[in-house]
>>> print(open('protein_9.cif').read())   # mmCIF, C-alpha atoms
data_upload
loop_
_atom_site.label_atom_id
_atom_site.label_comp_id
_atom_site.auth_asym_id
_atom_site.auth_seq_id
_atom_site.Cartn_x
_atom_site.Cartn_y
_atom_site.Cartn_z
CA MET A 162 154.48 27.89 85.76
CA ARG A 163 153.78 31.59 85.72
CA PHE A 164 155.73 34.13 83.72
CA ARG A 165 156.93 37.69 84.09
CA THR A 166 158.45 40.34 81.87
CA LEU A 167 162.18 40.77 82.42
CA GLY A 168 163.95 44.13 82.29
CA THR A 169 164.02 46.17 79.08
CA ARG A 170 165.91 45.52 75.87
CA ALA A 171 168.58 47.95 74.74
CA ASP A 172 166.71 48.78 71.53
CA GLY A 173 163.30 49.13 73.12
CA THR A 174 161.84 46.01 71.47
CA PRO A 175 159.44 43.81 73.46
CA ARG A 176 160.96 42.43 76.64
CA PRO A 177 161.41 38.69 77.15
CA GLN A 178 159.02 36.66 79.26
CA VAL A 179 160.66 34.42 81.85
CA SER A 180 159.47 31.90 84.40
CA THR A 181 158.81 33.61 87.73
CA LEU A 182 161.36 31.33 89.36
CA CYS A 183 164.91 31.45 88.06
CA LEU A 184 167.10 28.39 88.55
CA GLY A 185 170.53 29.21 89.92
CA VAL A 186 173.09 26.55 89.04
CA LEU A 187 175.99 27.63 91.27
CA PRO A 188 176.84 24.12 92.59
CA PHE A 189 176.57 22.29 89.28
CA GLY A 190 179.84 20.72 88.27
CA THR A 191 181.22 20.82 91.81
CA ARG A 192 178.86 19.75 94.59
CA VAL A 193 176.36 18.40 92.04
CA ASP A 194 177.66 15.91 89.47
CA ARG A 195 176.66 15.60 85.83
CA ALA A 196 173.80 13.17 86.42
CA GLY A 197 172.36 15.28 89.24
CA SER A 198 172.79 18.54 87.33
CA PHE A 199 171.10 17.16 84.22
CA ALA A 200 168.24 15.74 86.29
CA VAL A 201 167.49 19.10 87.93
CA LEU A 202 167.78 21.03 84.66
CA ASP A 203 165.57 18.54 82.84
CA ARG A 204 162.94 18.75 85.55
CA PHE A 205 163.04 22.55 85.61
CA VAL A 206 162.32 22.77 81.88
CA GLU A 207 159.76 19.96 82.08
CA ARG A 208 157.78 22.01 84.59
CA GLY A 209 157.88 25.15 82.49
CA GLY A 210 161.03 26.83 83.80
CA THR A 211 162.80 29.01 81.25
CA PHE A 212 165.21 31.23 83.21
CA ILE A 213 168.65 29.93 84.28
CA ASP A 214 171.35 31.84 86.15
CA THR A 215 175.07 31.16 86.50
CA ALA A 216 178.39 33.06 86.71
CA ASN A 217 181.93 32.75 85.41
CA CYS A 218 183.29 32.08 88.91
CA TYR A 219 181.07 29.27 90.28
CA SER A 220 182.39 27.64 92.43
CA PHE A 221 186.07 28.62 92.60
CA TRP A 222 186.16 28.44 96.42
CA ILE A 223 185.71 24.65 96.46
CA ASP A 224 188.95 22.69 96.68
CA GLY A 225 190.16 21.78 93.21
CA ALA A 226 187.70 24.05 91.40
CA THR A 227 188.58 26.89 89.05
CA GLY A 228 185.27 28.73 88.74
CA SER A 229 184.52 27.37 85.27
CA GLU A 230 182.55 24.34 86.46
CA SER A 231 179.00 25.74 86.56
CA GLU A 232 179.13 27.32 83.11
CA LEU A 233 180.77 24.21 81.64
CA MET A 234 178.10 21.94 83.10
CA LEU A 235 175.29 24.20 81.91
CA GLY A 236 176.88 24.43 78.47
CA SER A 237 177.13 20.66 78.31
CA TRP A 238 173.44 20.33 79.16
CA LEU A 239 172.42 22.99 76.62
CA ALA A 240 174.30 21.12 73.91
CA ALA A 241 173.07 17.67 74.91
CA ARG A 242 169.44 18.79 75.02
CA ASP A 243 169.69 21.30 72.13
CA ALA A 244 167.99 23.65 74.57
CA ARG A 245 169.62 27.03 73.98
CA ALA A 246 166.58 28.46 72.21
CA GLU A 247 164.28 27.23 74.98
CA VAL A 248 165.84 29.12 77.87
CA VAL A 249 166.67 32.66 78.92
CA LEU A 250 170.31 32.48 79.92
CA SER A 251 172.06 34.81 82.36
CA THR A 252 175.63 34.88 83.61
CA LYS A 253 177.91 37.26 85.48
CA VAL A 254 181.44 38.60 85.13
CA GLY A 255 183.69 40.50 87.51
CA ALA A 256 184.22 38.21 90.49
CA ARG A 257 186.38 35.46 88.98
CA PRO A 258 189.86 35.24 90.58
CA ALA A 259 192.51 36.58 88.23
CA GLY A 260 196.10 36.06 89.25
CA PRO A 261 197.82 35.61 92.61
CA GLY A 262 196.60 36.96 95.90
CA THR A 263 193.48 36.47 97.96
CA TRP A 264 189.89 37.02 96.92
CA PRO A 265 188.26 39.52 96.49
CA ALA A 266 191.42 41.60 96.06
CA ASN A 267 192.38 39.42 93.09
CA ALA A 268 188.94 39.44 91.43
CA GLU A 269 189.00 40.25 87.71
CA GLY A 270 186.91 43.37 88.31
CA LEU A 271 184.86 45.49 85.93
CA SER A 272 187.37 47.21 83.69
CA ALA A 273 186.54 47.22 79.98
CA GLN A 274 189.25 44.64 79.34
CA ALA A 275 188.11 42.37 82.16
CA ILE A 276 184.46 42.55 81.11
CA ARG A 277 185.22 41.72 77.50
CA ALA A 278 187.58 38.87 78.42
CA GLY A 279 185.14 37.59 81.03
CA VAL A 280 182.20 37.35 78.68
CA GLU A 281 184.32 35.76 75.94
CA GLY A 282 185.27 33.01 78.37
CA SER A 283 181.66 32.56 79.43
CA LEU A 284 180.42 32.23 75.86
CA LYS A 285 182.98 29.50 75.15
CA ARG A 286 182.08 27.54 78.26
CA LEU A 287 178.35 27.90 77.64
CA GLY A 288 178.70 26.99 73.96
CA THR A 289 176.77 30.01 72.68
CA ASP A 290 177.43 33.24 70.83
CA ARG A 291 175.28 35.40 73.09
CA VAL A 292 173.59 35.51 76.48
CA ASP A 293 170.19 36.96 77.25
CA LEU A 294 171.28 38.77 80.40
CA LEU A 295 174.79 39.74 81.50
CA TYR A 296 175.51 41.02 85.01
CA GLY A 297 178.40 42.78 86.64
CA HIS A 298 178.89 40.47 89.62
CA ILE A 299 180.44 42.55 92.40
CA GLU A 300 181.33 46.18 92.99
CA ASP A 301 184.59 47.52 91.54
CA ARG A 302 185.37 51.10 92.51
CA SER A 303 188.93 50.92 91.21
CA VAL A 304 187.56 51.51 87.69
CA PRO A 305 185.80 54.71 86.55
CA LEU A 306 182.06 54.15 86.41
CA GLU A 307 181.98 55.46 82.85
CA GLU A 308 184.39 52.75 81.70
CA THR A 309 182.27 49.98 83.16
CA VAL A 310 179.04 51.45 81.79
CA ASP A 311 180.52 51.90 78.31
CA ALA A 312 181.92 48.36 78.28
CA PHE A 313 178.58 46.78 79.14
CA GLY A 314 176.76 49.11 76.75
CA GLY A 315 179.14 48.07 73.97
CA LEU A 316 178.37 44.40 74.54
CA ALA A 317 174.65 45.13 74.24
CA ARG A 318 175.25 47.18 71.09
CA ASP A 319 177.26 44.33 69.58
CA GLY A 320 174.54 41.77 70.28
CA VAL A 321 176.60 39.81 72.80
CA THR A 322 173.81 40.29 75.33
CA ASP A 323 170.21 41.46 75.10
CA LEU A 324 169.90 42.76 78.66
CA LEU A 325 172.28 44.17 81.23
CA GLY A 326 172.21 43.78 84.99
CA ILE A 327 174.26 44.45 88.09
CA SER A 328 174.59 42.51 91.32
CA ASN A 329 175.79 43.47 94.79
CA GLN A 330 175.68 47.21 94.26
CA LEU A 331 174.34 49.97 96.51
CA THR A 332 171.25 51.81 95.31
CA TRP A 333 173.01 55.12 94.76
CA ARG A 334 175.62 53.39 92.58
CA LEU A 335 172.86 51.64 90.62
CA GLU A 336 171.10 54.93 89.94
CA ARG A 337 174.35 56.68 89.04
CA SER A 338 175.24 53.88 86.63
CA ARG A 339 171.83 54.03 84.98
CA ALA A 340 171.99 57.82 84.71
CA THR A 341 175.48 57.60 83.23
CA ALA A 342 174.28 55.12 80.61
CA ARG A 343 171.41 57.42 79.64
CA ALA A 344 173.72 60.41 79.39
CA ARG A 345 176.20 58.50 77.22
CA GLY A 346 173.55 56.98 74.98
CA VAL A 347 174.31 53.35 75.78
CA ALA A 348 172.24 50.52 77.22
CA GLY A 349 172.05 50.51 80.99
CA TYR A 350 171.20 48.05 83.74
CA THR A 351 167.59 46.88 83.74
CA CYS A 352 168.02 44.03 86.23
CA VAL A 353 169.54 44.08 89.69
CA GLN A 354 170.24 40.90 91.66
CA GLN A 355 170.82 41.21 95.41
CA ARG A 356 170.71 38.99 98.43
CA TYR A 357 167.15 38.98 99.80
CA SER A 358 164.87 36.79 101.88
CA TYR A 359 161.91 37.09 104.21
CA LEU A 360 163.99 37.41 107.37
CA ARG A 361 165.43 40.87 107.89
CA PRO A 362 169.15 40.95 108.65
CA ALA A 363 170.39 42.43 111.91
CA ALA A 364 171.39 46.07 111.85
CA GLY A 365 174.92 46.34 110.55
CA ALA A 366 175.05 42.71 109.41
CA ASP A 367 178.15 42.03 107.34
CA PHE A 368 177.71 40.05 104.11
CA GLY A 369 181.18 40.73 102.72
CA THR A 370 181.00 41.49 99.01
CA GLN A 371 177.30 40.65 98.95
CA GLU A 372 174.74 43.45 99.13
CA HIS A 373 171.35 42.87 100.72
CA VAL A 374 168.14 44.42 99.43
CA THR A 375 167.31 47.55 101.43
CA PRO A 376 164.08 49.54 101.84
CA GLU A 377 165.73 52.21 99.68
CA LEU A 378 166.26 49.75 96.83
CA LEU A 379 162.67 48.50 97.08
CA ASP A 380 161.42 52.09 96.95
CA TYR A 381 163.66 52.84 93.97
CA ALA A 382 162.47 49.73 92.10
CA ARG A 383 158.83 50.75 92.60
CA THR A 384 159.47 53.97 90.70
CA GLU A 385 161.34 52.26 87.85
CA PRO A 386 158.90 50.02 85.93
CA GLY A 387 161.63 48.87 83.56
CA LEU A 388 163.82 47.54 86.38
CA THR A 389 163.51 43.92 87.49
CA LEU A 390 164.62 43.06 91.02
CA LEU A 391 165.92 39.53 91.58
CA ALA A 392 166.71 37.87 94.90
CA TYR A 393 169.47 35.34 95.44
CA THR A 394 169.66 33.00 98.46
CA PRO A 395 165.94 33.56 99.15
CA LEU A 396 165.65 30.27 101.06
CA LEU A 397 168.82 30.79 103.14
CA SER A 398 170.26 27.56 101.74
CA GLY A 399 167.42 25.50 103.22
CA ALA A 400 167.52 26.93 106.75
CA TYR A 401 163.78 27.69 106.79
CA THR A 402 162.81 24.03 106.44
CA ASP A 403 165.81 21.89 107.38
CA PRO A 404 166.34 21.69 111.17
CA ALA A 405 169.95 20.62 110.56
CA LYS A 406 170.73 23.96 108.91
CA PRO A 407 170.98 26.89 111.32
CA ILE A 408 169.70 30.34 110.45
CA PRO A 409 172.72 32.30 109.14
CA PRO A 410 174.21 34.51 111.86
CA GLN A 411 173.35 37.74 110.02
CA TYR A 412 169.65 36.87 110.45
CA ASP A 413 169.86 35.25 113.88
CA HIS A 414 168.81 38.06 116.21
CA PRO A 415 165.89 38.74 118.59
CA GLY A 416 163.76 40.37 115.89
CA ALA A 417 163.80 37.16 113.86
CA VAL A 418 161.80 35.28 116.50
CA ALA A 419 158.51 36.99 115.63
CA GLN A 420 159.15 36.69 111.91
CA LEU A 421 159.81 32.96 112.14
CA ALA A 422 156.69 32.48 114.26
CA ALA A 423 154.57 34.32 111.68
CA LEU A 424 156.14 32.27 108.91
CA ARG A 425 155.29 29.01 110.68
CA GLU A 426 151.72 30.18 111.27
CA VAL A 427 151.14 31.07 107.63
CA ALA A 428 152.76 27.82 106.52
CA THR A 429 150.33 25.90 108.74
CA GLU A 430 147.34 27.87 107.40
CA THR A 431 148.28 27.25 103.77
CA GLY A 432 149.54 23.71 104.12
CA ALA A 433 152.77 24.83 102.50
CA THR A 434 156.34 24.62 103.71
CA ALA A 435 158.02 27.66 105.22
CA GLY A 436 160.25 27.92 102.15
CA GLN A 437 157.26 27.93 99.83
CA VAL A 438 155.68 30.74 101.84
CA VAL A 439 158.90 32.76 101.55
CA LEU A 440 158.87 32.38 97.77
CA ALA A 441 155.18 33.29 97.57
CA TRP A 442 155.85 36.35 99.75
CA LEU A 443 158.59 37.51 97.37
CA LEU A 444 156.56 36.85 94.24
CA GLY A 445 153.36 38.51 95.40
CA GLY A 446 154.55 41.73 97.00
CA GLU A 447 153.66 45.31 96.07
CA HIS A 448 156.77 45.23 93.89
CA PRO A 449 157.18 41.57 92.94
CA VAL A 450 160.66 40.13 93.30
CA LEU A 451 161.91 37.31 91.10
CA PRO A 452 163.61 34.63 93.24
CA VAL A 453 166.74 32.86 92.06
CA ILE A 454 166.34 29.42 93.60
CA GLY A 455 168.97 26.78 94.17
CA ALA A 456 168.35 23.04 94.11
CA THR A 457 170.73 20.12 94.32
CA THR A 458 167.99 17.48 93.93
CA VAL A 459 164.80 17.14 91.93
CA ALA A 460 162.82 16.94 95.19
CA GLN A 461 164.17 20.29 96.35
CA LEU A 462 163.37 21.80 92.97
CA ASP A 463 159.81 20.46 92.98
CA GLU A 464 159.18 21.94 96.42
CA SER A 465 160.22 25.38 95.20
CA LEU A 466 158.32 25.14 91.93
CA ASP A 467 155.15 24.25 93.78
CA ALA A 468 155.31 27.68 95.43
CA VAL A 469 154.46 29.35 92.11
CA ASP A 470 150.77 28.53 92.60
CA LEU A 471 150.64 29.64 96.24
CA ASP A 472 148.79 32.95 96.56
CA LEU A 473 148.87 34.49 100.02
CA THR A 474 145.80 36.34 101.24
CA PRO A 475 146.08 40.03 102.15
CA THR A 476 145.72 39.04 105.81
CA GLN A 477 148.54 36.52 105.56
CA ARG A 478 150.82 39.02 103.82
CA ARG A 479 150.05 41.64 106.44
CA HIS A 480 150.83 39.16 109.21
CA LEU A 481 154.19 38.39 107.62
CA ASP A 482 155.00 42.03 106.91
CA GLU A 483 154.14 43.27 110.39
CA ALA A 484 155.94 40.52 112.34
#
>>> encode(input="protein_9.cif", output="structure tokens")
Amino acid sequence: MRFRTLGTRADGTPRPQVSTLCLGVLPFGTRVDRAGSFAVLDRFVERGGTFIDTANCYSFWIDGATGSESELMLGSWLAARDARAEVVLSTKVGARPAGPGTWPANAEGLSAQAIRAGVEGSLKRLGTDRVDLLYGHIEDRSVPLEETVDAFGGLARDGVTDLLGISNQLTWRLERSRATARARGVAGYTCVQQRYSYLRPAAGADFGTQEHVTPELLDYARTEPGLTLLAYTPLLSGAYTDPAKPIPPQYDHPGAVAQLAALREVATETGATAGQVVLAWLLGGEHPVLPVIGATTVAQLDESLDAVDLDLTPTQRRHLDEA
């Protein structure tokens, strides 16, 4: 395993080191049962993984689920393995359904009250008194930005979280939030987690509440050394390597043909899978991106973890970038 510095702490003390691959546990407790979840988590730690990502709403959209399942399963594993001190733990608040109506209109949002209540619920489910990284999960423009910034800053001040992050937010909102935090003397976001993969989405592609990494965000991140950029769904849920899984429609356009051809060529040259090349491409760029990987089996996890040691040559990177 390789490691990378994550974000910046609110008090300026040394930043935590995390494994360069973060394990996202969205399906644990719903699509992945206890035995399967524990097996993947055990293997991740066995191979040097230290960074685990969840949210207080995973996976409410599955029939019979409430959104508590992923955190409860992770909390059960942390307790069973006495592993809390061994991992860097991140979760998210803001997207959990709260009350009647349809999602996302009924999402809890990012008011001060919702943030505080959200993290209190997460801590109970995870069986801990603090998290290492707390994200705002989705955009909420119904609440003044200052209220959201102050609420997150207060949690950092109180020791509920060491680091703050935001997910699914446009670059101008990210910068405004960070500037607001500086002006108000509170901790601001030092991590941003967006949808990102090798394939470029079609112009105008609609991802709903999800925000995709843009060239503007990449440029912004290059100028902010204390900001860590994380990518979720980097492997497009297995579509790069599993013929039974189609490329998502947002990425299925004429321009993707050349990219997929270049990806296959580099995979052949390296002896790696297409998914491993995607992860290596993210990890080794001019501004490295930290992938949040999903795995429902140990075999899937091992394939992704093997990508950590794959170093693309400048020629291979250029081929991928120019496709």
>>> atom_distance(input="protein_9.cif", atom1="atom CA of A:Arg163", atom2="atom CA of A:Leu378")
24.7 Å
>>> residues_around(input="protein_9.cif", residues="stretch 458-472 of chain A", least_positions_apart="6", cutoff="7 Å", atoms="all atoms listed in the file", output="list of chain:residue names")
A:Met162, A:Arg163, A:Gly197, A:Ala200, A:Val201, A:Arg204, A:Gln437, A:Leu440, A:Ala441
>>> write_last_selection(input="protein_9.cif", atoms="C-alpha atoms", output="tab-separated table (two decimals), in the frame of the given file")
chain	number	residue	atom	x	y	z
A	162	MET	CA	154.48	27.89	85.76
A	163	ARG	CA	153.78	31.59	85.72
A	197	GLY	CA	172.36	15.28	89.24
A	200	ALA	CA	168.24	15.74	86.29
A	201	VAL	CA	167.49	19.10	87.93
A	204	ARG	CA	162.94	18.75	85.55
A	437	GLN	CA	157.26	27.93	99.83
A	440	LEU	CA	158.87	32.38	97.77
A	441	ALA	CA	155.18	33.29	97.57
>>> closest_residue(input="protein_9.cif", among="A:Ala273, A:Thr332, A:Ala278, A:Gly320", to="A:Glu308", atoms="all atoms listed in the file")
A:Ala273
>>> residues_around(input="protein_9.cif", residues="A:Arg257", least_positions_apart="5", cutoff="9 Å", atoms="only C-alpha atoms", output="short mmCIF file (atom, residue, chain, number, x, y, z; two decimals) with C-alpha atoms, in the coordinates of the input")
data_model
loop_
_atom_site.label_atom_id
_atom_site.label_comp_id
_atom_site.auth_asym_id
_atom_site.auth_seq_id
_atom_site.Cartn_x
_atom_site.Cartn_y
_atom_site.Cartn_z
CA ALA A 216 178.39 33.06 86.71
CA ASN A 217 181.93 32.75 85.41
CA CYS A 218 183.29 32.08 88.91
CA TYR A 219 181.07 29.27 90.28
CA PHE A 221 186.07 28.62 92.60
CA THR A 227 188.58 26.89 89.05
CA GLY A 228 185.27 28.73 88.74
CA TRP A 264 189.89 37.02 96.92
CA PRO A 265 188.26 39.52 96.49
CA ASN A 267 192.38 39.42 93.09
CA ALA A 268 188.94 39.44 91.43
CA GLU A 269 189.00 40.25 87.71
CA GLY A 270 186.91 43.37 88.31
CA GLY A 279 185.14 37.59 81.03
#
>>> resolve_selection(input="protein_9.cif", expression="the PyMOL selection byres ((chain A and resi 249) around 6)", output="list in words")
Thr211, Phe212, Val248, Leu250 and Asp293 of chain A
>>> atom_distance(input="protein_9.cif", atom1="atom CA of A:Leu316", atom2="atom CA of A:Ser272")
13.1 Å
>>> closest_residue(input="protein_9.cif", among="A:Leu391, A:Ala428, A:Ala244, A:Leu167", to="A:Asp203", atoms="all atoms listed in the file")
A:Ala244
>>> residues_near_point(input="protein_9.cif", point="(174.5, 32.7, 87.5)", cutoff="8 Å", atoms="all atoms listed in the file", output="list in words")
Gly185, Val186, Leu187, Ile213, Asp214, Thr215, Ala216, Asn217, Tyr219, Ser251, Thr252 and Lys253 of chain A
